[in-house]
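Enquirer: First the structure, which I've put down as structure tokens, then a few questions once you've had a look.
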Amino acid sequence: MCPDCEDFARTLLLLGQLALYADTTGADLDFVEAVSPSLAVSLPEPPPGTFPPGYDPNDSPPYQGEDL
């Protein structure tokens, strides 16, 4: 596995575990609020093949109520 692939997978796993923790009774939501943005920003570029060729995340239909 390429180094970026391993980092990407590990960071996604941590984000998932943090989301599960946030839904538990008695979770420290201040901790979740402090850590989740840092984890999200630390995501490396997705591994090759994650998205189809030519995929543009900014090219999507407008949200309901959004001007065209």
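Ligands are numbered from 1 in the order shown, chains are lettered A, B, ... in the order of the structure tokens, and residues start at 1 in each chain.
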For the structure I just gave you, how does DSSP split segment 6-44 of chain A - specifically, which residues are alpha helix (DSSP H)? Reply as a PyMOL selection string.

Expert: chain A and resi 6-22+29-41

Enquirer: Let me see the file: selected residues, N, CA, C and O atoms, as a tab-separated table (two decimals), in the first residue's frame.

Expert:
chain	number	residue	atom	x	y	z
A	6	GLU	N	-2.17	4.61	3.06
A	6	GLU	CA	-2.22	4.21	4.46
A	6	GLU	C	-2.64	5.37	5.35
A	6	GLU	O	-3.48	5.22	6.24
A	7	ASP	N	-2.09	6.56	5.10
A	7	ASP	CA	-2.47	7.75	5.88
A	7	ASP	C	-3.94	8.09	5.68
A	7	ASP	O	-4.65	8.43	6.63
A	8	PHE	N	-4.40	8.02	4.44
A	8	PHE	CA	-5.79	8.32	4.12
A	8	PHE	C	-6.71	7.36	4.86
A	8	PHE	O	-7.67	7.78	5.53
A	9	ALA	N	-6.43	6.07	4.78
A	9	ALA	CA	-7.26	5.06	5.44
A	9	ALA	C	-7.25	5.24	6.96
A	9	ALA	O	-8.31	5.14	7.61
A	10	ARG	N	-6.10	5.51	7.52
A	10	ARG	CA	-6.00	5.68	8.97
A	10	ARG	C	-6.78	6.91	9.44
A	10	ARG	O	-7.50	6.86	10.44
A	11	THR	N	-6.68	8.00	8.70
A	11	THR	CA	-7.38	9.23	9.07
A	11	THR	C	-8.89	9.04	8.94
A	11	THR	O	-9.65	9.49	9.81
A	12	LEU	N	-9.34	8.37	7.89
A	12	LEU	CA	-10.77	8.09	7.76
A	12	LEU	C	-11.27	7.22	8.90
A	12	LEU	O	-12.36	7.43	9.43
A	13	LEU	N	-10.47	6.24	9.29
A	13	LEU	CA	-10.84	5.38	10.41
A	13	LEU	C	-10.98	6.21	11.69
A	13	LEU	O	-11.96	6.06	12.43
A	14	LEU	N	-10.04	7.11	11.93
A	14	LEU	CA	-10.11	7.96	13.12
A	14	LEU	C	-11.33	8.87	13.10
A	14	LEU	O	-11.99	9.06	14.12
A	15	LEU	N	-11.64	9.43	11.93
A	15	LEU	CA	-12.83	10.27	11.82
A	15	LEU	C	-14.10	9.46	12.09
A	15	LEU	O	-15.02	9.93	12.77
A	16	GLY	N	-14.15	8.24	11.59
A	16	GLY	CA	-15.30	7.37	11.85
A	16	GLY	C	-15.44	7.02	13.31
A	16	GLY	O	-16.54	7.05	13.87
A	17	GLN	N	-14.31	6.71	13.95
A	17	GLN	CA	-14.35	6.38	15.38
A	17	GLN	C	-14.76	7.60	16.20
A	17	GLN	O	-15.49	7.48	17.18
A	18	LEU	N	-14.30	8.78	15.80
A	18	LEU	CA	-14.68	10.00	16.50
A	18	LEU	C	-16.18	10.26	16.35
A	18	LEU	O	-16.85	10.67	17.30
A	19	ALA	N	-16.73	10.00	15.17
A	19	ALA	CA	-18.17	10.17	14.95
A	19	ALA	C	-18.97	9.21	15.83
A	19	ALA	O	-20.00	9.60	16.41
A	20	LEU	N	-18.50	7.97	15.93
A	20	LEU	CA	-19.18	7.00	16.80
A	20	LEU	C	-19.10	7.44	18.26
A	20	LEU	O	-20.08	7.34	18.99
A	21	TYR	N	-17.94	7.91	18.67
A	21	TYR	CA	-17.76	8.39	20.04
A	21	TYR	C	-18.70	9.56	20.33
A	21	TYR	O	-19.30	9.62	21.40
A	22	ALA	N	-18.86	10.47	19.36
A	22	ALA	CA	-19.71	11.65	19.56
A	22	ALA	C	-21.15	11.26	19.82
A	22	ALA	O	-21.89	12.00	20.47
A	29	LEU	N	-18.21	16.44	24.06
A	29	LEU	CA	-18.43	17.07	22.77
A	29	LEU	C	-17.47	18.23	22.52
A	29	LEU	O	-17.22	18.58	21.36
A	30	ASP	N	-16.92	18.81	23.58
A	30	ASP	CA	-15.88	19.83	23.38
A	30	ASP	C	-14.65	19.20	22.76
A	30	ASP	O	-14.01	19.79	21.88
A	31	PHE	N	-14.31	18.00	23.19
A	31	PHE	CA	-13.19	17.26	22.60
A	31	PHE	C	-13.47	16.97	21.13
A	31	PHE	O	-12.62	17.18	20.27
A	32	VAL	N	-14.67	16.48	20.84
A	32	VAL	CA	-15.04	16.16	19.46
A	32	VAL	C	-14.94	17.41	18.59
A	32	VAL	O	-14.40	17.37	17.49
A	33	GLU	N	-15.46	18.54	19.09
A	33	GLU	CA	-15.40	19.79	18.35
A	33	GLU	C	-13.98	20.26	18.11
A	33	GLU	O	-13.67	20.84	17.07
A	34	ALA	N	-13.10	20.01	19.06
A	34	ALA	CA	-11.71	20.44	18.93
A	34	ALA	C	-10.91	19.55	17.99
A	34	ALA	O	-10.06	20.03	17.24
A	35	VAL	N	-11.18	18.26	18.01
A	35	VAL	CA	-10.37	17.31	17.27
A	35	VAL	C	-10.85	17.09	15.84
A	35	VAL	O	-10.03	16.94	14.92
A	36	SER	N	-12.15	17.09	15.61
A	36	SER	CA	-12.66	16.73	14.28
A	36	SER	C	-12.16	17.65	13.16
A	36	SER	O	-11.77	17.14	12.10
A	37	PRO	N	-12.11	18.97	13.32
A	37	PRO	CA	-11.58	19.78	12.23
A	37	PRO	C	-10.11	19.49	11.93
A	37	PRO	O	-9.69	19.48	10.77
A	38	SER	N	-9.35	19.21	12.96
A	38	SER	CA	-7.93	18.90	12.77
A	38	SER	C	-7.75	17.62	11.98
A	38	SER	O	-6.89	17.53	11.10
A	39	LEU	N	-8.56	16.62	12.30
A	39	LEU	CA	-8.48	15.37	11.56
A	39	LEU	C	-8.90	15.56	10.10
A	39	LEU	O	-8.25	15.06	9.19
A	40	ALA	N	-9.97	16.30	9.90
A	40	ALA	CA	-10.46	16.51	8.53
A	40	ALA	C	-9.43	17.25	7.69
A	40	ALA	O	-9.19	16.90	6.53
A	41	VAL	N	-8.79	18.26	8.26
A	41	VAL	CA	-7.79	19.03	7.53
A	41	VAL	C	-6.54	18.20	7.25
A	41	VAL	O	-5.85	18.41	6.25

Enquirer: What gap, in Å, lies between atom CA of Pro61 of chain A and atom CA of Pro44 of chain A?

Expert: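 Interatomic distance here is 25.9 Å.
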